[in-house]
$ cat start-v3.csv   # CSV, C-alpha atoms and all ligand atoms
chain,number,residue,atom,x,y,z
A,220,MET,CA,0.0,0.0,0.0
A,221,ARG,CA,1.3,3.4,-0.9
A,222,ARG,CA,0.1,6.6,0.7
A,223,TYR,CA,0.3,10.0,-0.9
A,224,GLU,CA,-0.4,12.9,1.4
A,225,GLN,CA,-1.5,16.5,1.0
A,226,GLY,CA,-1.8,18.0,4.4
A,227,SER,CA,-4.0,15.7,6.4
A,228,PHE,CA,-5.8,14.4,3.3
A,229,PHE,CA,-4.4,11.4,1.5
A,230,LEU,CA,-4.8,8.9,-1.3
A,231,GLU,CA,-3.9,5.2,-0.8
A,232,ILE,CA,-3.1,3.0,-3.8
A,233,GLU,CA,-2.7,-0.7,-3.5
A,234,PRO,CA,-0.4,-1.7,-6.4
A,235,ARG,CA,-1.3,-5.4,-6.1
A,236,ARG,CA,-4.9,-4.6,-7.1
A,237,CYS,CA,-4.0,-2.3,-9.9
A,238,LYS,CA,-4.1,-4.0,-13.3
A,239,GLY,CA,-2.9,-0.9,-15.2
A,240,CYS,CA,-6.1,-0.2,-17.1
A,241,GLY,CA,-5.6,3.5,-17.0
A,242,VAL,CA,-9.2,4.4,-16.3
A,243,CYS,CA,-8.2,6.5,-13.3
A,244,VAL,CA,-5.5,8.3,-15.2
A,245,GLN,CA,-7.9,9.3,-17.9
A,246,SER,CA,-10.7,10.2,-15.4
A,247,CYS,CA,-8.6,12.4,-13.1
A,248,PRO,CA,-9.5,16.1,-13.9
A,249,GLN,CA,-6.2,17.3,-12.3
A,250,GLY,CA,-3.6,15.1,-14.0
A,251,VAL,CA,-2.5,13.7,-10.7
A,252,LEU,CA,-2.1,10.0,-11.8
A,253,THR,CA,0.3,8.2,-14.1
A,254,LEU,CA,1.2,4.7,-14.9
A,255,ASN,CA,4.8,3.7,-14.0
A,256,SER,CA,7.1,1.4,-16.0
A,257,GLU,CA,5.6,-1.6,-14.2
A,258,GLY,CA,2.1,-0.7,-15.4
A,259,LYS,CA,1.0,0.4,-11.9
A,260,VAL,CA,-0.7,3.7,-11.1
A,261,GLU,CA,1.1,6.3,-9.0
A,262,ALA,CA,0.0,9.7,-7.7
A,263,THR,CA,3.0,11.6,-9.2
A,264,GLU,CA,1.3,15.1,-8.8
A,265,ILE,CA,-0.4,14.7,-5.4
A,266,ALA,CA,-0.1,18.5,-4.8
A,267,ARG,CA,-2.7,19.0,-7.6
A,268,CYS,CA,-5.2,16.6,-6.2
A,269,VAL,CA,-8.6,18.1,-5.1
A,270,PHE,CA,-9.8,14.9,-3.5
A,271,CYS,CA,-12.9,14.7,-5.7
A,272,GLY,CA,-13.0,10.9,-5.4
A,273,ILE,CA,-13.5,10.2,-9.1
A,274,CYS,CA,-10.5,7.9,-9.3
A,275,GLU,CA,-11.8,5.8,-6.4
A,276,GLN,CA,-15.3,5.7,-8.0
A,277,ARG,CA,-14.0,4.7,-11.4
A,278,CYS,CA,-11.4,2.1,-10.5
A,279,PRO,CA,-13.0,-1.3,-11.2
A,280,ASP,CA,-10.5,-3.1,-8.8
A,281,PHE,CA,-10.8,-0.9,-5.7
A,282,ALA,CA,-7.1,-0.1,-5.9
A,283,ILE,CA,-7.5,3.6,-4.9
A,284,SER,CA,-9.1,5.1,-1.8
A,285,VAL,CA,-9.5,8.8,-1.1
A,286,HIS,CA,-9.4,10.0,2.5
A,287,LYS,CA,-10.6,13.5,3.3
A,288,GLU,CA,-11.1,12.9,7.0
A,289,ARG,CA,-8.6,14.7,9.2
A,290,ILE,CA,-6.2,12.6,11.2
A,291,LEU,CA,-6.9,13.4,14.9
A,292,GLN,CA,-3.8,14.2,16.8
A,293,PRO,CA,-3.4,13.2,20.4
A,294,SER,CA,-3.3,16.1,22.9
A,295,LEU,CA,0.2,17.3,23.7
A,296,VAL,CA,-0.8,18.2,27.2
B,301,LIG,S1,-8.4,2.3,-12.5
B,301,LIG,FE1,-7.7,1.0,-10.9
B,301,LIG,S2,-6.8,-0.8,-11.9
B,301,LIG,FE2,-7.1,0.8,-13.5
B,301,LIG,S3,-5.0,1.8,-13.5
B,301,LIG,FE3,-6.3,3.0,-12.1
B,301,LIG,S4,-5.8,2.0,-10.0
B,301,LIG,FE4,-5.1,0.6,-11.6
B,302,LIG,S1,-9.2,12.4,-6.0
B,302,LIG,FE1,-9.8,13.5,-8.0
B,302,LIG,S2,-8.1,14.9,-8.3
B,302,LIG,FE2,-7.3,13.4,-6.8
B,302,LIG,S3,-6.3,11.8,-8.0
B,302,LIG,FE3,-8.4,11.2,-7.7
B,302,LIG,S4,-9.5,11.9,-9.6
B,302,LIG,FE4,-7.6,13.0,-9.4
$ encode --input "start-v3.csv" --output "structure tokens"
Amino acid sequence: MRRYEQGSFFLEIEPRRCKGCGVCVQSCPQGVLTLNSEGKVEATEIARCVFCGICEQRCPDFAISVHKERILQPSLV
């Protein structure tokens, strides 16, 4: 599992599930995703991601998940 963070939001990609179909790459409105030399998707431009969720919705193999919830930090007190 690979995690790509932008602040406290993040994408997770499971390369073992990715079959390299390219549907997510073509669907992303921001040009965030690319296929690497192994035919697996990577979030190479995570700074441009708007966490719209389209990639997660379109992937037929549930290889991408979009997480907009904030990660709660334990109190430092
Ligand atoms: S849509 Fe899913 S299976 Fe297809 S390239 Fe993207 S992550 Fe991989
Ligand atoms: S959440 Fe939206 S902007 Fe971000 S990688 Fe997926 S389709 Fe692209």
$ atom_distance --input "start-v3.csv" --atom1 "atom FE1 of ligand LIG 301 (chain B)" --atom2 "atom CA of A:Val285"
12.7 Å
$ closest_residue --input "start-v3.csv" --among "A:Ile283, A:Ser256, A:Val242, A:Cys237" --to "A:Phe270" --atoms "only C-alpha atoms"
A:Ile283
$ residues_near_ligand --input "start-v3.csv" --ligand "ligand LIG 302 (chain B)" --cutoff "7 Å" --atoms "only C-alpha atoms and all ligand atoms" --output "VMD selection string"
chain A and resid 243 246 to 252 262 267 to 275 285
$ residues_near_ligand --input "start-v3.csv" --ligand "ligand LIG 301 (chain B)" --cutoff "12 Å" --atoms "all atoms listed in the file" --output "ChimeraX atom specification"
/A:220-221,230-247,251-255,257-262,273-285
$ residues_near_point --input "start-v3.csv" --point "(-12.2, 14.9, 3.2)" --cutoff "9 Å" --atoms "all atoms listed in the file" --output "list in words"
Ser227, Phe228, Phe229, Phe270, Cys271, Val285, His286, Lys287, Glu288 and Arg289 of chain A
$ decode --input "start-v3.csv" --residues "stretch 225-270 of chain A" --atoms "N, CA and C atoms" --output "PDB file, in the first residue's frame"
ATOM      1  N   GLN A 225      -1.421  15.066   1.238  1.00  0.00           N
ATOM      2  CA  GLN A 225      -1.480  16.517   0.983  1.00  0.00           C
ATOM      3  C   GLN A 225      -2.097  17.110   2.236  1.00  0.00           C
ATOM      4  N   GLY A 226      -1.275  17.630   3.122  1.00  0.00           N
ATOM      5  CA  GLY A 226      -1.769  18.021   4.438  1.00  0.00           C
ATOM      6  C   GLY A 226      -2.258  16.785   5.165  1.00  0.00           C
ATOM      7  N   SER A 227      -3.466  16.873   5.709  1.00  0.00           N
ATOM      8  CA  SER A 227      -4.000  15.727   6.435  1.00  0.00           C
ATOM      9  C   SER A 227      -4.929  14.882   5.566  1.00  0.00           C
ATOM     10  N   PHE A 228      -5.066  15.228   4.274  1.00  0.00           N
ATOM     11  CA  PHE A 228      -5.820  14.391   3.333  1.00  0.00           C
ATOM     12  C   PHE A 228      -4.840  13.487   2.602  1.00  0.00           C
ATOM     13  N   PHE A 229      -5.302  12.333   2.168  1.00  0.00           N
ATOM     14  CA  PHE A 229      -4.379  11.440   1.464  1.00  0.00           C
ATOM     15  C   PHE A 229      -5.106  10.471   0.543  1.00  0.00           C
ATOM     16  N   LEU A 230      -4.341   9.977  -0.434  1.00  0.00           N
ATOM     17  CA  LEU A 230      -4.777   8.877  -1.302  1.00  0.00           C
ATOM     18  C   LEU A 230      -4.011   7.640  -0.887  1.00  0.00           C
ATOM     19  N   GLU A 231      -4.647   6.486  -0.972  1.00  0.00           N
ATOM     20  CA  GLU A 231      -3.939   5.230  -0.817  1.00  0.00           C
ATOM     21  C   GLU A 231      -4.127   4.416  -2.089  1.00  0.00           C
ATOM     22  N   ILE A 232      -3.033   3.856  -2.559  1.00  0.00           N
ATOM     23  CA  ILE A 232      -3.050   3.020  -3.759  1.00  0.00           C
ATOM     24  C   ILE A 232      -2.467   1.662  -3.411  1.00  0.00           C
ATOM     25  N   GLU A 233      -3.186   0.622  -3.758  1.00  0.00           N
ATOM     26  CA  GLU A 233      -2.716  -0.737  -3.528  1.00  0.00           C
ATOM     27  C   GLU A 233      -2.236  -1.308  -4.867  1.00  0.00           C
ATOM     28  N   PRO A 234      -0.916  -1.299  -5.098  1.00  0.00           N
ATOM     29  CA  PRO A 234      -0.397  -1.737  -6.405  1.00  0.00           C
ATOM     30  C   PRO A 234      -0.783  -3.179  -6.745  1.00  0.00           C
ATOM     31  N   ARG A 235      -0.938  -4.030  -5.768  1.00  0.00           N
ATOM     32  CA  ARG A 235      -1.275  -5.435  -6.070  1.00  0.00           C
ATOM     33  C   ARG A 235      -2.658  -5.566  -6.701  1.00  0.00           C
ATOM     34  N   ARG A 236      -3.525  -4.587  -6.449  1.00  0.00           N
ATOM     35  CA  ARG A 236      -4.865  -4.632  -7.054  1.00  0.00           C
ATOM     36  C   ARG A 236      -4.908  -3.951  -8.417  1.00  0.00           C
ATOM     37  N   CYS A 237      -3.941  -3.089  -8.685  1.00  0.00           N
ATOM     38  CA  CYS A 237      -3.961  -2.305  -9.925  1.00  0.00           C
ATOM     39  C   CYS A 237      -3.550  -3.169 -11.110  1.00  0.00           C
ATOM     40  N   LYS A 238      -4.400  -3.182 -12.137  1.00  0.00           N
ATOM     41  CA  LYS A 238      -4.092  -3.954 -13.346  1.00  0.00           C
ATOM     42  C   LYS A 238      -3.623  -3.049 -14.480  1.00  0.00           C
ATOM     43  N   GLY A 239      -3.469  -1.763 -14.181  1.00  0.00           N
ATOM     44  CA  GLY A 239      -2.912  -0.854 -15.174  1.00  0.00           C
ATOM     45  C   GLY A 239      -3.836  -0.492 -16.314  1.00  0.00           C
ATOM     46  N   CYS A 240      -5.136  -0.507 -16.070  1.00  0.00           N
ATOM     47  CA  CYS A 240      -6.097  -0.232 -17.149  1.00  0.00           C
ATOM     48  C   CYS A 240      -6.078   1.234 -17.583  1.00  0.00           C
ATOM     49  N   GLY A 241      -5.650   2.130 -16.678  1.00  0.00           N
ATOM     50  CA  GLY A 241      -5.562   3.542 -17.026  1.00  0.00           C
ATOM     51  C   GLY A 241      -6.856   4.320 -16.879  1.00  0.00           C
ATOM     52  N   VAL A 242      -7.923   3.690 -16.426  1.00  0.00           N
ATOM     53  CA  VAL A 242      -9.211   4.384 -16.283  1.00  0.00           C
ATOM     54  C   VAL A 242      -9.081   5.581 -15.339  1.00  0.00           C
ATOM     55  N   CYS A 243      -8.397   5.391 -14.238  1.00  0.00           N
ATOM     56  CA  CYS A 243      -8.249   6.483 -13.263  1.00  0.00           C
ATOM     57  C   CYS A 243      -7.398   7.617 -13.833  1.00  0.00           C
ATOM     58  N   VAL A 244      -6.351   7.257 -14.565  1.00  0.00           N
ATOM     59  CA  VAL A 244      -5.471   8.263 -15.162  1.00  0.00           C
ATOM     60  C   VAL A 244      -6.273   9.146 -16.117  1.00  0.00           C
ATOM     61  N   GLN A 245      -7.120   8.524 -16.927  1.00  0.00           N
ATOM     62  CA  GLN A 245      -7.920   9.262 -17.901  1.00  0.00           C
ATOM     63  C   GLN A 245      -9.050  10.045 -17.237  1.00  0.00           C
ATOM     64  N   SER A 246      -9.515   9.584 -16.082  1.00  0.00           N
ATOM     65  CA  SER A 246     -10.656  10.214 -15.407  1.00  0.00           C
ATOM     66  C   SER A 246     -10.263  11.383 -14.525  1.00  0.00           C
ATOM     67  N   CYS A 247      -9.046  11.395 -14.046  1.00  0.00           N
ATOM     68  CA  CYS A 247      -8.639  12.446 -13.098  1.00  0.00           C
ATOM     69  C   CYS A 247      -8.630  13.806 -13.792  1.00  0.00           C
ATOM     70  N   PRO A 248      -9.404  14.778 -13.280  1.00  0.00           N
ATOM     71  CA  PRO A 248      -9.458  16.099 -13.913  1.00  0.00           C
ATOM     72  C   PRO A 248      -8.215  16.943 -13.646  1.00  0.00           C
ATOM     73  N   GLN A 249      -7.365  16.511 -12.761  1.00  0.00           N
ATOM     74  CA  GLN A 249      -6.217  17.310 -12.347  1.00  0.00           C
ATOM     75  C   GLN A 249      -4.875  16.780 -12.842  1.00  0.00           C
ATOM     76  N   GLY A 250      -4.860  15.658 -13.529  1.00  0.00           N
ATOM     77  CA  GLY A 250      -3.596  15.116 -14.017  1.00  0.00           C
ATOM     78  C   GLY A 250      -2.675  14.625 -12.920  1.00  0.00           C
ATOM     79  N   VAL A 251      -3.263  14.100 -11.875  1.00  0.00           N
ATOM     80  CA  VAL A 251      -2.485  13.660 -10.706  1.00  0.00           C
ATOM     81  C   VAL A 251      -1.822  12.301 -10.939  1.00  0.00           C
ATOM     82  N   LEU A 252      -2.497  11.441 -11.691  1.00  0.00           N
ATOM     83  CA  LEU A 252      -2.114  10.027 -11.754  1.00  0.00           C
ATOM     84  C   LEU A 252      -1.386   9.682 -13.049  1.00  0.00           C
ATOM     85  N   THR A 253      -0.412   8.771 -12.925  1.00  0.00           N
ATOM     86  CA  THR A 253       0.288   8.248 -14.096  1.00  0.00           C
ATOM     87  C   THR A 253       0.552   6.768 -13.890  1.00  0.00           C
ATOM     88  N   LEU A 254       0.787   6.066 -14.988  1.00  0.00           N
ATOM     89  CA  LEU A 254       1.185   4.660 -14.894  1.00  0.00           C
ATOM     90  C   LEU A 254       2.708   4.596 -14.935  1.00  0.00           C
ATOM     91  N   ASN A 255       3.304   3.802 -14.039  1.00  0.00           N
ATOM     92  CA  ASN A 255       4.761   3.693 -14.028  1.00  0.00           C
ATOM     93  C   ASN A 255       5.222   2.596 -15.000  1.00  0.00           C
ATOM     94  N   SER A 256       6.516   2.369 -15.017  1.00  0.00           N
ATOM     95  CA  SER A 256       7.085   1.427 -15.990  1.00  0.00           C
ATOM     96  C   SER A 256       6.636  -0.008 -15.738  1.00  0.00           C
ATOM     97  N   GLU A 257       6.111  -0.264 -14.542  1.00  0.00           N
ATOM     98  CA  GLU A 257       5.591  -1.600 -14.222  1.00  0.00           C
ATOM     99  C   GLU A 257       4.098  -1.715 -14.512  1.00  0.00           C
ATOM    100  N   GLY A 258       3.515  -0.646 -15.056  1.00  0.00           N
ATOM    101  CA  GLY A 258       2.096  -0.663 -15.372  1.00  0.00           C
ATOM    102  C   GLY A 258       1.199  -0.504 -14.161  1.00  0.00           C
ATOM    103  N   LYS A 259       1.741   0.111 -13.107  1.00  0.00           N
ATOM    104  CA  LYS A 259       0.957   0.378 -11.898  1.00  0.00           C
ATOM    105  C   LYS A 259       0.761   1.879 -11.759  1.00  0.00           C
ATOM    106  N   VAL A 260      -0.395   2.260 -11.200  1.00  0.00           N
ATOM    107  CA  VAL A 260      -0.664   3.688 -11.097  1.00  0.00           C
ATOM    108  C   VAL A 260       0.075   4.297  -9.907  1.00  0.00           C
ATOM    109  N   GLU A 261       0.522   5.539 -10.094  1.00  0.00           N
ATOM    110  CA  GLU A 261       1.146   6.312  -9.027  1.00  0.00           C
ATOM    111  C   GLU A 261       0.555   7.717  -9.041  1.00  0.00           C
ATOM    112  N   ALA A 262       0.507   8.338  -7.852  1.00  0.00           N
ATOM    113  CA  ALA A 262       0.026   9.719  -7.735  1.00  0.00           C
ATOM    114  C   ALA A 262       1.238  10.641  -7.805  1.00  0.00           C
ATOM    115  N   THR A 263       1.714  10.906  -9.005  1.00  0.00           N
ATOM    116  CA  THR A 263       2.960  11.650  -9.176  1.00  0.00           C
ATOM    117  C   THR A 263       2.793  13.155  -8.973  1.00  0.00           C
ATOM    118  N   GLU A 264       1.554  13.640  -9.005  1.00  0.00           N
ATOM    119  CA  GLU A 264       1.316  15.082  -8.821  1.00  0.00           C
ATOM    120  C   GLU A 264       0.301  15.293  -7.709  1.00  0.00           C
ATOM    121  N   ILE A 265       0.571  14.714  -6.541  1.00  0.00           N
ATOM    122  CA  ILE A 265      -0.404  14.744  -5.447  1.00  0.00           C
ATOM    123  C   ILE A 265      -0.726  16.184  -5.015  1.00  0.00           C
ATOM    124  N   ALA A 266       0.181  17.122  -5.229  1.00  0.00           N
ATOM    125  CA  ALA A 266      -0.073  18.517  -4.842  1.00  0.00           C
ATOM    126  C   ALA A 266      -1.242  19.115  -5.630  1.00  0.00           C
ATOM    127  N   ARG A 267      -1.560  18.526  -6.805  1.00  0.00           N
ATOM    128  CA  ARG A 267      -2.669  19.049  -7.623  1.00  0.00           C
ATOM    129  C   ARG A 267      -4.004  18.382  -7.304  1.00  0.00           C
ATOM    130  N   CYS A 268      -3.994  17.350  -6.465  1.00  0.00           N
ATOM    131  CA  CYS A 268      -5.213  16.587  -6.167  1.00  0.00           C
ATOM    132  C   CYS A 268      -6.215  17.453  -5.410  1.00  0.00           C
ATOM    133  N   VAL A 269      -7.492  17.373  -5.834  1.00  0.00           N
ATOM    134  CA  VAL A 269      -8.559  18.108  -5.143  1.00  0.00           C
ATOM    135  C   VAL A 269      -9.462  17.148  -4.367  1.00  0.00           C
ATOM    136  N   PHE A 270      -9.061  15.892  -4.267  1.00  0.00           N
ATOM    137  CA  PHE A 270      -9.756  14.872  -3.480  1.00  0.00           C
ATOM    138  C   PHE A 270     -11.241  14.764  -3.849  1.00  0.00           C
TER     139      PHE A 270
END
